[in-house]
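S.K.: I'd like to ask you about the structure that follows.
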Amino acid sequence: EDKVVQSPLSLVVHEGDTVTLNCSYEVTNFRSLLWYKQEKKAPTFLFMLTSSGIEKKSGRLSSILDKKELFSILNITATQTGDSAVYLCAVNSGGSNYKLTFGKGTLLTVNP
Amino acid sequence: GAVVSQHPSRVICKSGTSVKIECRSLDFQATTMFWYRQFPKKSLMLMATSNEGSKATYEQGVEKDKFLINHASLTLSTLTVTSAHPEDSSFYICSARDLGVGTAGKLFFGSGTQLSVL
């Protein structure tokens with residue numbers, strides 16, 4: 001059974017701190033790993049990673065994938081209260097079919 | 001990015017009634033849409049994969065007669081919760097793949113439907 005494990009499950013920081021969120025996976029037919037941010041409602045797309053060692057960056061957020069060690073990290077620098085959300089990691093492991101397996105998420109709380 | 005619209009955002013119904021949730025891809029065609037369910041403080045659980053013009057594929061443990069899925073066009077999939085019971089109360093989210101250049105492989109989500117069955 002495909003498995004995606006995120007850590008920590010929750011994290012509380014102060015504005016300006018840097019955080020690192022972890023995602024490890026055990027899946028067959030790996031195709032890609034995706035990060036989403038979920039606030040009150042639907043998840044919004046952050047990154048999709050398919051190759052090891054290539055950092056993806058968007059503003060204060062960045063992510064990298066290690067396909068040998070089967071994990072990815074999501075970094076957020078200079079955190080702001082608006083970064084408070086659940087961050088979900090998902091792996092597309094469907095082979096020729098598309099299937100996302102989600103981790104349980106990391107609840108990030110950024111205090112002023 | 002691609003836009004997926006889901007309606008209604010919230011519904012309260014009596015036990016035994018049926019509820020229909022719509023999911024539309026607004027600026028792209030989606031041959032495949034996905035329906036997820038999310039309990040409080042839990043992750044997204046895939047319920048079924050909706051395929052345009054054919055039967056949906058349900059995940060293990062999901063009752064296909066309970067959760068009816070119809071994907072009659074390339075931009076619309078519906079999920080009907082039949083004879084709803086309080087244990088069906090949950091947050092339901094649809095999603096769709098945009099196979100366009102630059103977005104292929106990414107899943108875009110609707111805003112979700114909070115279902116409360118009394």
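Chain labels A, B, ... are given in the sequence in which chains occur in the structure tokens; within each chain residues are numbered consecutively from 1, and ligands are likewise numbered from 1 in the order shown.
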So that I can check the secondary structure, give me every residue of range 12-48 of chain B assigned strand (DSSP E) by backbone DSSP, as a ChimeraX atom specification.
M.R.: /B:12-13,19-25,32-38,44-48
S.K.: If we count only C-alpha atoms and set the cut-off at 7 Å, which residues sit around Leu26 in chain B, ignoring sequence neighbours fewer than 3 positions away in its own chain? Please answer as a PyMOL selection string.
M.R.: chain B and resi 3-5
S.K.: Could you give me, as JSON lines, a per-residue list for chain A showing, wherever an atom lies at most 10 Å from an atom of chain B, the closest pair of atoms and their distance in Å to one decimal, using only C-alpha atoms and sorting by chain then residue number from low to high?
M.R.:
```
{"residue": "A:Arg31", "atom": "CA", "partner": "B:Gly105", "partner_atom": "CA", "distance": 9.0}
{"residue": "A:Ser32", "atom": "CA", "partner": "B:Gly105", "partner_atom": "CA", "distance": 7.9}
{"residue": "A:Leu33", "atom": "CA", "partner": "B:Lys106", "partner_atom": "CA", "distance": 9.7}
{"residue": "A:Leu34", "atom": "CA", "partner": "B:Lys106", "partner_atom": "CA", "distance": 7.8}
{"residue": "A:Tyr36", "atom": "CA", "partner": "B:Leu107", "partner_atom": "CA", "distance": 9.8}
{"residue": "A:Lys40", "atom": "CA", "partner": "B:Ser111", "partner_atom": "CA", "distance": 9.2}
{"residue": "A:Lys41", "atom": "CA", "partner": "B:Ser111", "partner_atom": "CA", "distance": 5.7}
{"residue": "A:Ala42", "atom": "CA", "partner": "B:Ser111", "partner_atom": "CA", "distance": 4.6}
{"residue": "A:Pro43", "atom": "CA", "partner": "B:Phe109", "partner_atom": "CA", "distance": 6.3}
{"residue": "A:Thr44", "atom": "CA", "partner": "B:Phe109", "partner_atom": "CA", "distance": 7.0}
{"residue": "A:Phe45", "atom": "CA", "partner": "B:Phe108", "partner_atom": "CA", "distance": 6.9}
{"residue": "A:Leu46", "atom": "CA", "partner": "B:Lys106", "partner_atom": "CA", "distance": 9.8}
{"residue": "A:Phe47", "atom": "CA", "partner": "B:Lys106", "partner_atom": "CA", "distance": 8.8}
{"residue": "A:Met48", "atom": "CA", "partner": "B:Lys106", "partner_atom": "CA", "distance": 7.1}
{"residue": "A:Thr50", "atom": "CA", "partner": "B:Gly105", "partner_atom": "CA", "distance": 9.9}
{"residue": "A:Val86", "atom": "CA", "partner": "B:Lys41", "partner_atom": "CA", "distance": 9.2}
{"residue": "A:Leu88", "atom": "CA", "partner": "B:Ser43", "partner_atom": "CA", "distance": 8.0}
{"residue": "A:Cys89", "atom": "CA", "partner": "B:Ser43", "partner_atom": "CA", "distance": 9.8}
{"residue": "A:Ala90", "atom": "CA", "partner": "B:Leu44", "partner_atom": "CA", "distance": 9.7}
{"residue": "A:Asn92", "atom": "CA", "partner": "B:Gly105", "partner_atom": "CA", "distance": 8.5}
{"residue": "A:Tyr98", "atom": "CA", "partner": "B:Gly105", "partner_atom": "CA", "distance": 8.2}
{"residue": "A:Lys99", "atom": "CA", "partner": "B:Leu46", "partner_atom": "CA", "distance": 8.7}
{"residue": "A:Leu100", "atom": "CA", "partner": "B:Leu46", "partner_atom": "CA", "distance": 8.0}
{"residue": "A:Thr101", "atom": "CA", "partner": "B:Leu46", "partner_atom": "CA", "distance": 7.9}
{"residue": "A:Phe102", "atom": "CA", "partner": "B:Leu44", "partner_atom": "CA", "distance": 6.3}
{"residue": "A:Gly103", "atom": "CA", "partner": "B:Ser43", "partner_atom": "CA", "distance": 6.3}
{"residue": "A:Lys104", "atom": "CA", "partner": "B:Ser43", "partner_atom": "CA", "distance": 4.4}
{"residue": "A:Gly105", "atom": "CA", "partner": "B:Ser43", "partner_atom": "CA", "distance": 6.5}
{"residue": "A:Thr106", "atom": "CA", "partner": "B:Ser43", "partner_atom": "CA", "distance": 9.9}
{"residue": "A:Leu107", "atom": "CA", "partner": "B:Lys41", "partner_atom": "CA", "distance": 9.0}
```
S.K.: Output N, CA and C atoms for every residue in the selection just made, as a PDB file, in the first residue's frame.
M.R.:
```pdb
ATOM      1  N   ARG A  31       5.646   9.034  -9.877  1.00  0.00           N
ATOM      2  CA  ARG A  31       5.691   9.920 -11.038  1.00  0.00           C
ATOM      3  C   ARG A  31       6.008  11.354 -10.634  1.00  0.00           C
ATOM      4  N   SER A  32       5.428  11.799  -9.532  1.00  0.00           N
ATOM      5  CA  SER A  32       5.676  13.172  -9.101  1.00  0.00           C
ATOM      6  C   SER A  32       5.238  13.348  -7.657  1.00  0.00           C
ATOM      7  N   LEU A  33       5.729  14.402  -7.046  1.00  0.00           N
ATOM      8  CA  LEU A  33       5.344  14.770  -5.689  1.00  0.00           C
ATOM      9  C   LEU A  33       4.843  16.201  -5.722  1.00  0.00           C
ATOM     10  N   LEU A  34       3.740  16.428  -5.062  1.00  0.00           N
ATOM     11  CA  LEU A  34       3.118  17.750  -5.088  1.00  0.00           C
ATOM     12  C   LEU A  34       2.926  18.280  -3.673  1.00  0.00           C
ATOM     13  N   TYR A  36       0.709  21.172  -1.444  1.00  0.00           N
ATOM     14  CA  TYR A  36      -0.457  22.037  -1.455  1.00  0.00           C
ATOM     15  C   TYR A  36      -0.553  22.767  -0.125  1.00  0.00           C
ATOM     16  N   LYS A  40      -8.797  27.441   4.838  1.00  0.00           N
ATOM     17  CA  LYS A  40     -10.083  26.990   5.353  1.00  0.00           C
ATOM     18  C   LYS A  40     -10.782  26.006   4.432  1.00  0.00           C
ATOM     19  N   LYS A  41     -10.540  26.149   3.172  1.00  0.00           N
ATOM     20  CA  LYS A  41     -11.298  25.312   2.243  1.00  0.00           C
ATOM     21  C   LYS A  41     -10.385  24.419   1.406  1.00  0.00           C
ATOM     22  N   ALA A  42     -10.400  24.648   0.108  1.00  0.00           N
ATOM     23  CA  ALA A  42      -9.726  23.716  -0.780  1.00  0.00           C
ATOM     24  C   ALA A  42      -8.223  23.947  -0.829  1.00  0.00           C
ATOM     25  N   PRO A  43      -7.461  22.909  -1.047  1.00  0.00           N
ATOM     26  CA  PRO A  43      -6.013  23.060  -1.190  1.00  0.00           C
ATOM     27  C   PRO A  43      -5.663  23.865  -2.433  1.00  0.00           C
ATOM     28  N   THR A  44      -4.649  24.685  -2.286  1.00  0.00           N
ATOM     29  CA  THR A  44      -4.128  25.421  -3.437  1.00  0.00           C
ATOM     30  C   THR A  44      -2.744  24.894  -3.774  1.00  0.00           C
ATOM     31  N   PHE A  45      -2.482  24.787  -5.042  1.00  0.00           N
ATOM     32  CA  PHE A  45      -1.244  24.176  -5.535  1.00  0.00           C
ATOM     33  C   PHE A  45      -0.039  25.053  -5.234  1.00  0.00           C
ATOM     34  N   LEU A  46       1.034  24.418  -4.779  1.00  0.00           N
ATOM     35  CA  LEU A  46       2.286  25.130  -4.541  1.00  0.00           C
ATOM     36  C   LEU A  46       3.360  24.687  -5.537  1.00  0.00           C
ATOM     37  N   PHE A  47       3.737  23.419  -5.451  1.00  0.00           N
ATOM     38  CA  PHE A  47       4.827  22.911  -6.288  1.00  0.00           C
ATOM     39  C   PHE A  47       4.535  21.500  -6.770  1.00  0.00           C
ATOM     40  N   MET A  48       5.113  21.175  -7.908  1.00  0.00           N
ATOM     41  CA  MET A  48       5.170  19.801  -8.366  1.00  0.00           C
ATOM     42  C   MET A  48       6.628  19.467  -8.654  1.00  0.00           C
ATOM     43  N   THR A  50       9.413  16.476  -9.875  1.00  0.00           N
ATOM     44  CA  THR A  50       9.574  15.194 -10.547  1.00  0.00           C
ATOM     45  C   THR A  50      11.024  14.717 -10.566  1.00  0.00           C
ATOM     46  N   VAL A  86      -2.606  24.352   6.743  1.00  0.00           N
ATOM     47  CA  VAL A  86      -2.157  22.957   6.686  1.00  0.00           C
ATOM     48  C   VAL A  86      -1.436  22.772   5.359  1.00  0.00           C
ATOM     49  N   LEU A  88      -0.040  20.159   2.718  1.00  0.00           N
ATOM     50  CA  LEU A  88      -0.240  18.772   2.330  1.00  0.00           C
ATOM     51  C   LEU A  88       0.789  18.359   1.296  1.00  0.00           C
ATOM     52  N   CYS A  89       1.296  17.172   1.488  1.00  0.00           N
ATOM     53  CA  CYS A  89       2.202  16.558   0.520  1.00  0.00           C
ATOM     54  C   CYS A  89       1.450  15.407  -0.142  1.00  0.00           C
ATOM     55  N   ALA A  90       1.570  15.289  -1.440  1.00  0.00           N
ATOM     56  CA  ALA A  90       0.889  14.205  -2.149  1.00  0.00           C
ATOM     57  C   ALA A  90       1.819  13.618  -3.192  1.00  0.00           C
ATOM     58  N   ASN A  92       1.962  11.277  -6.697  1.00  0.00           N
ATOM     59  CA  ASN A  92       1.273  10.643  -7.812  1.00  0.00           C
ATOM     60  C   ASN A  92       1.935   9.300  -8.046  1.00  0.00           C
ATOM     61  N   TYR A  98      -3.630   8.281 -13.111  1.00  0.00           N
ATOM     62  CA  TYR A  98      -3.249   9.352 -12.203  1.00  0.00           C
ATOM     63  C   TYR A  98      -3.889   9.089 -10.861  1.00  0.00           C
ATOM     64  N   LYS A  99      -3.083   9.012  -9.807  1.00  0.00           N
ATOM     65  CA  LYS A  99      -3.638   8.781  -8.479  1.00  0.00           C
ATOM     66  C   LYS A  99      -2.762   9.482  -7.460  1.00  0.00           C
ATOM     67  N   LEU A 100      -3.350  10.381  -6.716  1.00  0.00           N
ATOM     68  CA  LEU A 100      -2.627  11.096  -5.676  1.00  0.00           C
ATOM     69  C   LEU A 100      -2.901  10.459  -4.317  1.00  0.00           C
ATOM     70  N   THR A 101      -1.823  10.164  -3.600  1.00  0.00           N
ATOM     71  CA  THR A 101      -1.932   9.708  -2.219  1.00  0.00           C
ATOM     72  C   THR A 101      -1.439  10.848  -1.338  1.00  0.00           C
ATOM     73  N   PHE A 102      -2.271  11.279  -0.413  1.00  0.00           N
ATOM     74  CA  PHE A 102      -1.938  12.426   0.426  1.00  0.00           C
ATOM     75  C   PHE A 102      -1.386  11.991   1.776  1.00  0.00           C
ATOM     76  N   GLY A 103      -0.472  12.789   2.294  1.00  0.00           N
ATOM     77  CA  GLY A 103      -0.086  12.654   3.688  1.00  0.00           C
ATOM     78  C   GLY A 103      -1.137  13.317   4.568  1.00  0.00           C
ATOM     79  N   LYS A 104      -0.936  13.223   5.885  1.00  0.00           N
ATOM     80  CA  LYS A 104      -1.912  13.790   6.818  1.00  0.00           C
ATOM     81  C   LYS A 104      -1.788  15.296   6.962  1.00  0.00           C
ATOM     82  N   GLY A 105      -0.686  15.834   6.459  1.00  0.00           N
ATOM     83  CA  GLY A 105      -0.525  17.280   6.518  1.00  0.00           C
ATOM     84  C   GLY A 105       0.256  17.750   7.722  1.00  0.00           C
ATOM     85  N   THR A 106       0.799  18.933   7.607  1.00  0.00           N
ATOM     86  CA  THR A 106       1.452  19.620   8.730  1.00  0.00           C
ATOM     87  C   THR A 106       0.690  20.902   8.988  1.00  0.00           C
ATOM     88  N   LEU A 107       0.193  21.045  10.202  1.00  0.00           N
ATOM     89  CA  LEU A 107      -0.497  22.273  10.590  1.00  0.00           C
ATOM     90  C   LEU A 107       0.527  23.283  11.073  1.00  0.00           C
TER      91      LEU A 107
END
```
S.K.: Set the distance at 12 Å and use only C-alpha atoms: which residues neighbour Val62 in chain B once local chain neighbours fewer than 4 positions away are removed? I'd like the list as number ranges by chain.
M.R.: B: 35-37, 45-49, 56-58, 66-69, 81, 88
S.K.: May I have the residues from that selection written out with N, CA and C atoms, as a PDB file, in the first residue's frame?
M.R.:
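Here's the written file again_34.pdb:
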```
ATOM      1  N   TRP B  35     -12.972  12.776  -6.670  1.00  0.00           N
ATOM      2  CA  TRP B  35     -13.752  13.185  -5.512  1.00  0.00           C
ATOM      3  C   TRP B  35     -13.058  12.703  -4.238  1.00  0.00           C
ATOM      4  N   TYR B  36     -12.849  13.659  -3.333  1.00  0.00           N
ATOM      5  CA  TYR B  36     -12.198  13.366  -2.067  1.00  0.00           C
ATOM      6  C   TYR B  36     -13.154  13.677  -0.914  1.00  0.00           C
ATOM      7  N   ARG B  37     -12.846  13.054   0.198  1.00  0.00           N
ATOM      8  CA  ARG B  37     -13.585  13.309   1.429  1.00  0.00           C
ATOM      9  C   ARG B  37     -12.558  13.630   2.500  1.00  0.00           C
ATOM     10  N   MET B  45      -9.044  11.878   1.528  1.00  0.00           N
ATOM     11  CA  MET B  45      -9.173  10.470   1.171  1.00  0.00           C
ATOM     12  C   MET B  45      -9.877  10.379  -0.178  1.00  0.00           C
ATOM     13  N   LEU B  46      -9.237   9.760  -1.126  1.00  0.00           N
ATOM     14  CA  LEU B  46      -9.836   9.612  -2.445  1.00  0.00           C
ATOM     15  C   LEU B  46     -11.020   8.666  -2.361  1.00  0.00           C
ATOM     16  N   MET B  47     -12.163   9.137  -2.868  1.00  0.00           N
ATOM     17  CA  MET B  47     -13.361   8.296  -2.886  1.00  0.00           C
ATOM     18  C   MET B  47     -13.496   7.587  -4.229  1.00  0.00           C
ATOM     19  N   ALA B  48     -13.355   8.380  -5.294  1.00  0.00           N
ATOM     20  CA  ALA B  48     -13.601   7.813  -6.615  1.00  0.00           C
ATOM     21  C   ALA B  48     -12.985   8.691  -7.683  1.00  0.00           C
ATOM     22  N   THR B  49     -12.724   8.061  -8.808  1.00  0.00           N
ATOM     23  CA  THR B  49     -12.234   8.756  -9.991  1.00  0.00           C
ATOM     24  C   THR B  49     -13.362   8.786 -11.004  1.00  0.00           C
ATOM     25  N   ALA B  56     -17.601   5.568 -13.096  1.00  0.00           N
ATOM     26  CA  ALA B  56     -16.571   6.003 -12.169  1.00  0.00           C
ATOM     27  C   ALA B  56     -15.857   4.795 -11.569  1.00  0.00           C
ATOM     28  N   THR B  57     -14.650   5.032 -11.136  1.00  0.00           N
ATOM     29  CA  THR B  57     -13.862   3.997 -10.451  1.00  0.00           C
ATOM     30  C   THR B  57     -13.831   4.339  -8.970  1.00  0.00           C
ATOM     31  N   TYR B  58     -14.330   3.453  -8.155  1.00  0.00           N
ATOM     32  CA  TYR B  58     -14.444   3.722  -6.723  1.00  0.00           C
ATOM     33  C   TYR B  58     -13.284   3.082  -5.960  1.00  0.00           C
ATOM     34  N   LYS B  66     -24.169   4.364  -2.880  1.00  0.00           N
ATOM     35  CA  LYS B  66     -24.378   5.426  -1.913  1.00  0.00           C
ATOM     36  C   LYS B  66     -23.896   6.770  -2.471  1.00  0.00           C
ATOM     37  N   PHE B  67     -22.778   6.709  -3.141  1.00  0.00           N
ATOM     38  CA  PHE B  67     -22.154   7.912  -3.703  1.00  0.00           C
ATOM     39  C   PHE B  67     -22.161   7.790  -5.226  1.00  0.00           C
ATOM     40  N   LEU B  68     -23.208   8.334  -5.818  1.00  0.00           N
ATOM     41  CA  LEU B  68     -23.378   8.218  -7.265  1.00  0.00           C
ATOM     42  C   LEU B  68     -22.602   9.326  -7.974  1.00  0.00           C
ATOM     43  N   ILE B  69     -21.827   8.928  -8.955  1.00  0.00           N
ATOM     44  CA  ILE B  69     -21.019   9.892  -9.693  1.00  0.00           C
ATOM     45  C   ILE B  69     -21.406   9.863 -11.150  1.00  0.00           C
ATOM     46  N   VAL B  81     -24.965  12.144  -2.945  1.00  0.00           N
ATOM     47  CA  VAL B  81     -24.984  11.334  -1.732  1.00  0.00           C
ATOM     48  C   VAL B  81     -26.430  10.913  -1.525  1.00  0.00           C
ATOM     49  N   ASP B  88     -22.503  10.490   7.089  1.00  0.00           N
ATOM     50  CA  ASP B  88     -22.016  11.003   5.800  1.00  0.00           C
ATOM     51  C   ASP B  88     -21.580  12.453   5.907  1.00  0.00           C
TER      52      ASP B  88
END
```
S.K.: So the first atom is CA of Pro112 in chain A and the second is CA of Val13 in chain A; what is the distance between them in Å, to one decimal place?
M.R.: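 Rounded to one decimal, the two atoms are 8.9 Å apart.
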S.K.: Identify, on the basis of only C-alpha atoms, every residue whose closest approach to Val110 in chain A does not exceed 7 Å; exclude the query and any residue fewer than 5 positions from it along the same chain; express the result as a count of residues only.
M.R.: 9
